[in-house]
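**Student:** The structure is given below, and queries will be raised subsequently.
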Amino acid sequence: MIKSTHFAVQLSRSVWLVTFVSEIGITETRRMTSVEFVAMIEGEARLGGDGAEREL
């Protein structure tokens, strides 16, 4: 499994720009709604993540 870290910037009240950077240097940027972003963070919390890492 490859771990990644994400960086998020809130563009507006309901839109986030989230960039994921993997431990091997792969990057992916996604535009997310606030609902999607919160769901992602809650999912990481349920999996025991620290809120900044996920597995690809």
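By order of appearance in the structure tokens: chains A, B, ..., then residues from 1 within every chain, and ligands from 1 in the order shown.
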Could you pull out all residues of chain A with a DSSP call of helix (DSSP H, G or I) and give them as number ranges by chain?

**Tutor:** A: 34-46

**Student:** Output N, CA and C atoms for every residue in that selection, as a PDB file, in the first residue's frame.

**Tutor:**
ATOM      1  N   SER A  34     -17.542  20.898   0.151  1.00  0.00           N
ATOM      2  CA  SER A  34     -17.333  20.793   1.595  1.00  0.00           C
ATOM      3  C   SER A  34     -17.875  19.470   2.122  1.00  0.00           C
ATOM      4  N   VAL A  35     -18.993  19.008   1.580  1.00  0.00           N
ATOM      5  CA  VAL A  35     -19.588  17.731   2.004  1.00  0.00           C
ATOM      6  C   VAL A  35     -18.631  16.585   1.704  1.00  0.00           C
ATOM      7  N   GLU A  36     -18.045  16.568   0.498  1.00  0.00           N
ATOM      8  CA  GLU A  36     -17.089  15.518   0.132  1.00  0.00           C
ATOM      9  C   GLU A  36     -15.839  15.577   1.014  1.00  0.00           C
ATOM     10  N   PHE A  37     -15.353  16.785   1.262  1.00  0.00           N
ATOM     11  CA  PHE A  37     -14.149  16.956   2.059  1.00  0.00           C
ATOM     12  C   PHE A  37     -14.374  16.466   3.491  1.00  0.00           C
ATOM     13  N   VAL A  38     -15.477  16.861   4.095  1.00  0.00           N
ATOM     14  CA  VAL A  38     -15.790  16.428   5.458  1.00  0.00           C
ATOM     15  C   VAL A  38     -15.951  14.908   5.506  1.00  0.00           C
ATOM     16  N   ALA A  39     -16.617  14.322   4.496  1.00  0.00           N
ATOM     17  CA  ALA A  39     -16.781  12.865   4.455  1.00  0.00           C
ATOM     18  C   ALA A  39     -15.422  12.165   4.374  1.00  0.00           C
ATOM     19  N   MET A  40     -14.493  12.720   3.607  1.00  0.00           N
ATOM     20  CA  MET A  40     -13.159  12.140   3.492  1.00  0.00           C
ATOM     21  C   MET A  40     -12.442  12.178   4.843  1.00  0.00           C
ATOM     22  N   ILE A  41     -12.493  13.327   5.524  1.00  0.00           N
ATOM     23  CA  ILE A  41     -11.833  13.476   6.822  1.00  0.00           C
ATOM     24  C   ILE A  41     -12.467  12.544   7.853  1.00  0.00           C
ATOM     25  N   GLU A  42     -13.792  12.443   7.851  1.00  0.00           N
ATOM     26  CA  GLU A  42     -14.471  11.543   8.789  1.00  0.00           C
ATOM     27  C   GLU A  42     -14.102  10.095   8.517  1.00  0.00           C
ATOM     28  N   GLY A  43     -13.992   9.729   7.237  1.00  0.00           N
ATOM     29  CA  GLY A  43     -13.585   8.373   6.876  1.00  0.00           C
ATOM     30  C   GLY A  43     -12.179   8.060   7.367  1.00  0.00           C
ATOM     31  N   GLU A  44     -11.280   9.007   7.227  1.00  0.00           N
ATOM     32  CA  GLU A  44      -9.914   8.817   7.729  1.00  0.00           C
ATOM     33  C   GLU A  44      -9.908   8.644   9.242  1.00  0.00           C
ATOM     34  N   ALA A  45     -10.734   9.418   9.924  1.00  0.00           N
ATOM     35  CA  ALA A  45     -10.800   9.321  11.382  1.00  0.00           C
ATOM     36  C   ALA A  45     -11.312   7.938  11.803  1.00  0.00           C
ATOM     37  N   ARG A  46     -12.309   7.415  11.080  1.00  0.00           N
ATOM     38  CA  ARG A  46     -12.838   6.086  11.394  1.00  0.00           C
ATOM     39  C   ARG A  46     -11.786   5.006  11.170  1.00  0.00           C
TER      40      ARG A  46
END

**Student:** Which neighbours of range 6-23 of chain A fall inside 7 Å, counting only C-alpha atoms, when residues of the same chain fewer than 4 positions from it are skipped, and could you give them as a ChimeraX atom specification?

**Tutor:** /A:2,27-34,52-53

**Student:** Mind the document's chain letters and residue numbers, and return as a list in words the residues of chain A that DSSP labels strand (DSSP E or B).

**Tutor:**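 Put together, the selection reads Lys3, Ser4, Thr5, His6, Phe7, Ala8, Val9, Gln10, Leu11, Ser12, Val15, Trp16, Leu17, Val18, Thr19, Phe20, Val21, Ser22, Thr27, Glu28, Thr29, Arg30, Arg31, Met32, Thr33, Glu53, Arg54 and Glu55 of chain A.
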
**Student:** Write to file, as a compact mmCIF listing (two decimals), in the first residue's frame, the residues of the selection just made, with N, CA, C and O atoms.

**Tutor:**
# COMPACT_ATOMS: atom_id res chain seq x y z
N LYS A 3 1.18 5.17 0.89
CA LYS A 3 0.56 6.22 1.71
C LYS A 3 0.71 7.57 1.01
O LYS A 3 1.64 7.78 0.24
N SER A 4 -0.24 8.44 1.29
CA SER A 4 -0.16 9.79 0.74
C SER A 4 -0.57 10.80 1.80
O SER A 4 -1.26 10.47 2.76
N THR A 5 -0.11 12.01 1.61
CA THR A 5 -0.47 13.13 2.47
C THR A 5 -1.28 14.10 1.64
O THR A 5 -1.07 14.20 0.43
N HIS A 6 -2.24 14.76 2.25
CA HIS A 6 -3.01 15.74 1.48
C HIS A 6 -2.85 17.14 2.06
O HIS A 6 -2.59 17.31 3.24
N PHE A 7 -3.00 18.09 1.16
CA PHE A 7 -2.98 19.51 1.51
C PHE A 7 -4.26 20.10 0.95
O PHE A 7 -4.59 19.86 -0.21
N ALA A 8 -4.98 20.85 1.75
CA ALA A 8 -6.27 21.38 1.32
C ALA A 8 -6.30 22.90 1.44
O ALA A 8 -5.79 23.46 2.41
N VAL A 9 -6.91 23.52 0.45
CA VAL A 9 -7.12 24.96 0.44
C VAL A 9 -8.60 25.20 0.20
O VAL A 9 -9.17 24.67 -0.76
N GLN A 10 -9.22 25.99 1.05
CA GLN A 10 -10.63 26.31 0.87
C GLN A 10 -10.74 27.47 -0.11
O GLN A 10 -10.26 28.57 0.14
N LEU A 11 -11.36 27.19 -1.27
CA LEU A 11 -11.51 28.20 -2.31
C LEU A 11 -12.70 29.11 -2.08
O LEU A 11 -12.68 30.29 -2.43
N SER A 12 -13.76 28.53 -1.53
CA SER A 12 -14.96 29.30 -1.21
C SER A 12 -15.64 28.61 -0.04
O SER A 12 -15.11 27.63 0.49
N VAL A 15 -16.28 24.99 -1.47
CA VAL A 15 -15.38 24.31 -2.41
C VAL A 15 -13.95 24.27 -1.85
O VAL A 15 -13.43 25.28 -1.37
N TRP A 16 -13.35 23.08 -1.94
CA TRP A 16 -11.98 22.85 -1.49
C TRP A 16 -11.15 22.34 -2.65
O TRP A 16 -11.64 21.59 -3.49
N LEU A 17 -9.88 22.72 -2.68
CA LEU A 17 -8.93 22.17 -3.62
C LEU A 17 -7.98 21.32 -2.79
O LEU A 17 -7.31 21.82 -1.88
N VAL A 18 -7.96 20.01 -3.06
CA VAL A 18 -7.18 19.08 -2.25
C VAL A 18 -6.13 18.41 -3.13
O VAL A 18 -6.46 17.84 -4.16
N THR A 19 -4.87 18.51 -2.73
CA THR A 19 -3.78 17.87 -3.46
C THR A 19 -3.22 16.74 -2.60
O THR A 19 -2.91 16.93 -1.43
N PHE A 20 -3.14 15.57 -3.20
CA PHE A 20 -2.59 14.39 -2.55
C PHE A 20 -1.19 14.15 -3.12
O PHE A 20 -1.00 14.22 -4.33
N VAL A 21 -0.23 13.88 -2.25
CA VAL A 21 1.13 13.59 -2.66
C VAL A 21 1.51 12.25 -2.05
O VAL A 21 1.51 12.09 -0.82
N SER A 22 1.84 11.27 -2.91
CA SER A 22 2.19 9.94 -2.41
C SER A 22 3.65 9.89 -1.99
O SER A 22 4.46 10.75 -2.35
N THR A 27 1.36 12.88 -7.63
CA THR A 27 0.44 13.89 -7.11
C THR A 27 -0.89 13.83 -7.85
O THR A 27 -0.95 13.44 -9.01
N GLU A 28 -1.92 14.19 -7.15
CA GLU A 28 -3.28 14.26 -7.71
C GLU A 28 -4.00 15.40 -7.03
O GLU A 28 -3.96 15.52 -5.80
N THR A 29 -4.63 16.26 -7.81
CA THR A 29 -5.39 17.37 -7.25
C THR A 29 -6.86 17.18 -7.58
O THR A 29 -7.20 16.89 -8.72
N ARG A 30 -7.70 17.34 -6.58
CA ARG A 30 -9.15 17.20 -6.75
C ARG A 30 -9.85 18.44 -6.23
O ARG A 30 -9.48 19.00 -5.21
N ARG A 31 -10.90 18.81 -6.92
CA ARG A 31 -11.80 19.85 -6.43
C ARG A 31 -12.93 19.13 -5.73
O ARG A 31 -13.56 18.24 -6.30
N MET A 32 -13.18 19.48 -4.47
CA MET A 32 -14.19 18.80 -3.67
C MET A 32 -15.15 19.80 -3.06
O MET A 32 -14.76 20.93 -2.73
N THR A 33 -16.39 19.36 -2.90
CA THR A 33 -17.34 20.18 -2.15
C THR A 33 -17.02 20.01 -0.66
O THR A 33 -16.31 19.09 -0.26
N GLU A 53 -3.08 11.57 6.26
CA GLU A 53 -2.56 10.49 5.44
C GLU A 53 -3.67 9.56 5.03
O GLU A 53 -4.63 9.37 5.75
N ARG A 54 -3.50 8.97 3.86
CA ARG A 54 -4.44 7.96 3.41
C ARG A 54 -3.68 6.97 2.56
O ARG A 54 -2.58 7.24 2.11
N GLU A 55 -4.25 5.80 2.33
CA GLU A 55 -3.62 4.81 1.50
C GLU A 55 -4.27 4.83 0.13
O GLU A 55 -5.49 4.95 0.01
